[in-house]
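Asks: Provided herewith is a single structure, encoded as structure tokens, for subsequent inquiry.
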Amino acid sequence: MRLFVALETPEAARAALQELIVQLEPLTHDARWVRTEGMHLTVKFIGEMTEEKLPALRAALAAVRSPAPVRMTFRGLGCFPSERRARVLWAGVEASANLPELARDLDSALAPLGVAREDRPYVPHLTLARFREPKPQSRLQAELESWKTKEFGQSETGEFFLFESKLSPRGAEYRKLETFSFVRS
């Protein structure tokens, strides 16, 4: 099973981002655009795991706690690794300080199960498109400047989800396996 932990993206933000994608699609023919109905904020990619390890994984996830819900504002656009060599177009996520802490805690909780630790700082974002080649997207770049401060919605949550991802020629398909409340009571 290919697994990851994520927060849900609220419907209003997904709808606003879908409208944006409709506007941006004609500006590039090199992009594979995401389906917004499956849009989520990945907090920890787990990777392949056998069903035998699921009980230990569930126990580790259930033990992760935070003192407060995560607050998020979905704002702005950008590219990884840069606009000049775009591989991914993303919408930014400005979050409360406990989101990176939650990502670190998940990393620590899952490491004993053989899940690789992250070697890069956590950068919350929503992927909008992936490009076939890392190259400048001049028409898209010109439009990005006007979207750098645009807000797409806000959210607050006290739960994360364990998802299974199945890859197919039509793109990844996600199935929610379990919900975990992470706010200390």
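The chains in the structure tokens are called A, B, ... from first to last as shown; in each chain the residues are counted from 1, and the ligands are counted from 1 in the order shown.
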Within range 12-133 of chain A, find each residue whose DSSP state, derived from the backbone, is alpha helix (DSSP H), and express the selection as number ranges by chain.
Replies: A: 12-24, 54-62, 98-110
Asks: Would you mind listing, for every residue of range 56-123 of chain A within 6 Å of range 139-152 of chain A, the two atoms forming the shortest contact and the distance between them in Å to one decimal, using only C-alpha atoms, sorted by chain and ascending residue number, as CSV?
Replies:
residue,atom,partner,partner_atom,distance
A:Phe74,CA,A:Phe152,CA,5.2
A:Arg75,CA,A:Glu151,CA,4.3
A:Gly76,CA,A:Lys148,CA,4.1
A:Leu77,CA,A:Lys148,CA,5.3
Asks: Tell me which protein, DNA and RNA residues are within 12 Å of Val22 in chain A, counting only C-alpha atoms, leaving out same-chain ones fewer than 4 positions away, and put them as a PyMOL selection string.
Replies: chain A and resi 15-18+26-28+33-36+128-129
Asks: What would the file look like if the residues just selected were written as a PDB file, in the first residue's frame with N, CA and C atoms?
Replies:
ATOM      1  N   ALA A  15     -12.909  24.933  -4.661  1.00  0.00           N
ATOM      2  CA  ALA A  15     -13.695  25.576  -5.721  1.00  0.00           C
ATOM      3  C   ALA A  15     -12.960  26.799  -6.281  1.00  0.00           C
ATOM      4  N   ALA A  16     -12.375  27.609  -5.396  1.00  0.00           N
ATOM      5  CA  ALA A  16     -11.627  28.787  -5.853  1.00  0.00           C
ATOM      6  C   ALA A  16     -10.413  28.373  -6.680  1.00  0.00           C
ATOM      7  N   LEU A  17      -9.740  27.308  -6.266  1.00  0.00           N
ATOM      8  CA  LEU A  17      -8.567  26.836  -7.002  1.00  0.00           C
ATOM      9  C   LEU A  17      -8.965  26.204  -8.333  1.00  0.00           C
ATOM     10  N   GLN A  18     -10.127  25.575  -8.388  1.00  0.00           N
ATOM     11  CA  GLN A  18     -10.608  25.027  -9.658  1.00  0.00           C
ATOM     12  C   GLN A  18     -10.864  26.157 -10.656  1.00  0.00           C
ATOM     13  N   PRO A  26      -5.030  27.396 -20.251  1.00  0.00           N
ATOM     14  CA  PRO A  26      -4.676  27.775 -21.627  1.00  0.00           C
ATOM     15  C   PRO A  26      -3.276  28.398 -21.769  1.00  0.00           C
ATOM     16  N   LEU A  27      -2.635  28.730 -20.638  1.00  0.00           N
ATOM     17  CA  LEU A  27      -1.343  29.411 -20.698  1.00  0.00           C
ATOM     18  C   LEU A  27      -0.156  28.470 -20.882  1.00  0.00           C
ATOM     19  N   THR A  28      -0.380  27.183 -20.731  1.00  0.00           N
ATOM     20  CA  THR A  28       0.708  26.217 -20.906  1.00  0.00           C
ATOM     21  C   THR A  28       0.133  24.881 -21.368  1.00  0.00           C
ATOM     22  N   TRP A  33      -2.515  18.897 -14.832  1.00  0.00           N
ATOM     23  CA  TRP A  33      -3.245  19.593 -13.768  1.00  0.00           C
ATOM     24  C   TRP A  33      -3.878  18.589 -12.815  1.00  0.00           C
ATOM     25  N   VAL A  34      -3.907  18.930 -11.527  1.00  0.00           N
ATOM     26  CA  VAL A  34      -4.513  18.036 -10.538  1.00  0.00           C
ATOM     27  C   VAL A  34      -6.029  18.148 -10.605  1.00  0.00           C
ATOM     28  N   ARG A  35      -6.678  17.101 -10.141  1.00  0.00           N
ATOM     29  CA  ARG A  35      -8.137  17.136  -9.987  1.00  0.00           C
ATOM     30  C   ARG A  35      -8.404  17.696  -8.589  1.00  0.00           C
ATOM     31  N   THR A  36      -9.119  18.789  -8.521  1.00  0.00           N
ATOM     32  CA  THR A  36      -9.284  19.458  -7.228  1.00  0.00           C
ATOM     33  C   THR A  36     -10.124  18.654  -6.236  1.00  0.00           C
ATOM     34  N   LEU A 128      -0.905  22.230  -7.775  1.00  0.00           N
ATOM     35  CA  LEU A 128      -1.916  22.513  -8.790  1.00  0.00           C
ATOM     36  C   LEU A 128      -1.593  21.830 -10.108  1.00  0.00           C
ATOM     37  N   ALA A 129      -0.290  21.774 -10.450  1.00  0.00           N
ATOM     38  CA  ALA A 129       0.112  21.162 -11.725  1.00  0.00           C
ATOM     39  C   ALA A 129       1.550  20.689 -11.624  1.00  0.00           C
TER      40      ALA A 129
END
Asks: Considering only C-alpha atoms, state which residue in the set A:Arg104, A:Arg84, A:Arg170, A:Arg175 is at the smallest distance from Phe4 in chain A.
Replies: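 Using only C-alpha atoms, Phe4 in chain A sits closest to A:Arg175.
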Asks: I'd like the interatomic distance between CA of Arg32 in chain A and CA of Gly92 in chain A, to a tenth of an Å.
Replies: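 Answer for the CA of Arg32 in chain A to CA of Gly92 in chain A separation: 18.5 Å.
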Asks: Please identify all polymer residues within 10 Å of Thr42 in chain A, counting only C-alpha atoms, omitting same-chain residues fewer than 5 positions from it, and present them as a list in words.
Replies: Phe4, Val5, Ala6, Leu7, Glu8, Ala103, Tyr122, Val123, Pro124, His125, Leu126, Thr127, Phe160, Phe161 and Phe163 of chain A
Asks: Which residues are near Glu164 in chain A? Cut-off 12 Å, only C-alpha atoms, ignore same chain within fewer than 2 positions. Put them as a PDB file with C-alpha atoms, in the first residue's frame.
Replies:
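So the final result, stored in around15.pdb, reads:
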ATOM      1  CA  MET A   1       0.000   0.000   0.000  1.00  0.00           C
ATOM      2  CA  ARG A   2       1.256   3.494  -0.879  1.00  0.00           C
ATOM      3  CA  LEU A   3       0.335   5.735   2.071  1.00  0.00           C
ATOM      4  CA  PHE A   4       0.526   9.333   3.259  1.00  0.00           C
ATOM      5  CA  VAL A   5      -0.867  11.579   6.003  1.00  0.00           C
ATOM      6  CA  ALA A   6      -2.740  14.732   4.991  1.00  0.00           C
ATOM      7  CA  GLY A  38      -8.768  14.986  -4.416  1.00  0.00           C
ATOM      8  CA  THR A  42       0.277  16.347   2.575  1.00  0.00           C
ATOM      9  CA  PHE A  45       4.542  10.891   2.837  1.00  0.00           C
ATOM     10  CA  ILE A  46       4.913   7.352   4.162  1.00  0.00           C
ATOM     11  CA  GLY A  47       5.397   5.380   0.956  1.00  0.00           C
ATOM     12  CA  GLU A  48       4.923   1.660   0.527  1.00  0.00           C
ATOM     13  CA  MET A  49       3.820  -0.283   3.596  1.00  0.00           C
ATOM     14  CA  THR A  50       2.497  -3.800   4.039  1.00  0.00           C
ATOM     15  CA  GLU A  51      -0.900  -4.474   5.609  1.00  0.00           C
ATOM     16  CA  LEU A  54      -0.937  -1.120   9.589  1.00  0.00           C
ATOM     17  CA  PHE A 161      -6.145  11.511   7.691  1.00  0.00           C
ATOM     18  CA  LEU A 162      -4.317   8.403   6.598  1.00  0.00           C
ATOM     19  CA  LYS A 166      -3.141   4.326  -6.126  1.00  0.00           C
ATOM     20  CA  LEU A 167      -1.310   5.444  -9.243  1.00  0.00           C
ATOM     21  CA  ALA A 172      -3.350   9.287  -8.562  1.00  0.00           C
ATOM     22  CA  GLU A 173      -6.545   8.148  -6.879  1.00  0.00           C
ATOM     23  CA  TYR A 174      -6.878   8.680  -3.130  1.00  0.00           C
ATOM     24  CA  ARG A 175      -8.800   6.680  -0.573  1.00  0.00           C
ATOM     25  CA  LYS A 176      -9.209   7.869   3.003  1.00  0.00           C
ATOM     26  CA  LEU A 177      -8.425   4.963   5.331  1.00  0.00           C
ATOM     27  CA  GLU A 178      -8.733   6.549   8.773  1.00  0.00           C
TER      28      GLU A 178
END
Asks: Counting only C-alpha atoms, what is within 10 Å of range 105-117 of chain A, bar same-chain residues fewer than 2 positions away, as a PyMOL selection string?
Replies: chain A and resi 5+43-49+53+56-66+99-103+119-120
Asks: Quick one: residues within 12 Å of Asp30 in chain A, only C-alpha atoms counted, chain neighbours fewer than 5 positions away excluded, as a ChimeraX atom specification?
Replies: /A:24-25,86-89,129-140
Asks: For the residues in that selection, give me N, CA and C atoms as a short mmCIF file (atom, residue, chain, number, x, y, z; two decimals), in the first residue's frame.
Replies:
data_model
loop_
_atom_site.label_atom_id
_atom_site.label_comp_id
_atom_site.auth_asym_id
_atom_site.auth_seq_id
_atom_site.Cartn_x
_atom_site.Cartn_y
_atom_site.Cartn_z
N LEU A 24 -5.80 29.31 -15.85
CA LEU A 24 -4.38 29.12 -16.14
C LEU A 24 -4.10 28.04 -17.18
N GLU A 25 -4.99 27.07 -17.33
CA GLU A 25 -4.77 25.95 -18.26
C GLU A 25 -4.38 26.39 -19.68
N ALA A 86 10.41 25.57 -13.58
CA ALA A 86 9.20 25.05 -12.93
C ALA A 86 9.01 23.56 -13.17
N ARG A 87 8.87 22.83 -12.08
CA ARG A 87 8.49 21.41 -12.11
C ARG A 87 7.09 21.24 -11.55
N VAL A 88 6.76 22.10 -10.55
CA VAL A 88 5.47 22.04 -9.87
C VAL A 88 4.94 23.46 -9.71
N LEU A 89 3.67 23.65 -10.01
CA LEU A 89 2.96 24.90 -9.72
C LEU A 89 2.14 24.64 -8.47
N ALA A 129 -0.29 21.77 -10.45
CA ALA A 129 0.11 21.16 -11.72
C ALA A 129 1.55 20.69 -11.62
N ARG A 130 1.87 19.70 -12.44
CA ARG A 130 3.25 19.22 -12.60
C ARG A 130 3.62 19.40 -14.07
N PHE A 131 4.87 19.82 -14.30
CA PHE A 131 5.34 20.05 -15.66
C PHE A 131 6.21 18.90 -16.12
N ARG A 132 6.10 18.55 -17.38
CA ARG A 132 6.85 17.42 -17.93
C ARG A 132 8.35 17.68 -17.90
N GLU A 133 8.75 18.94 -18.15
CA GLU A 133 10.17 19.30 -18.13
C GLU A 133 10.35 20.55 -17.28
N PRO A 134 11.45 20.64 -16.52
CA PRO A 134 11.69 21.85 -15.72
C PRO A 134 12.22 22.97 -16.61
N LYS A 135 11.31 23.79 -17.11
CA LYS A 135 11.72 24.88 -17.99
C LYS A 135 10.81 26.08 -17.74
N PRO A 136 11.23 27.27 -18.20
CA PRO A 136 10.38 28.45 -18.01
C PRO A 136 9.04 28.29 -18.71
N GLN A 137 8.02 28.77 -18.07
CA GLN A 137 6.66 28.77 -18.62
C GLN A 137 6.29 30.25 -18.78
N SER A 138 6.80 30.89 -19.83
CA SER A 138 6.75 32.35 -19.92
C SER A 138 5.34 32.93 -19.83
N ARG A 139 4.36 32.37 -20.52
CA ARG A 139 2.99 32.90 -20.45
C ARG A 139 2.42 32.74 -19.04
N LEU A 140 2.70 31.61 -18.44
CA LEU A 140 2.22 31.35 -17.09
C LEU A 140 2.94 32.26 -16.09
#
Asks: Suppose you want the space between CA of Gln154 in chain A and CA of Val70 in chain A; what is it in Å?
Replies: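 Between CA of Gln154 in chain A and CA of Val70 in chain A the gap is 10.8 Å.
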Asks: Just give me the gap between CA of Thr73 in chain A and CA of Glu156 in chain A in Å, one decimal is fine.
Replies: 8.9 Å
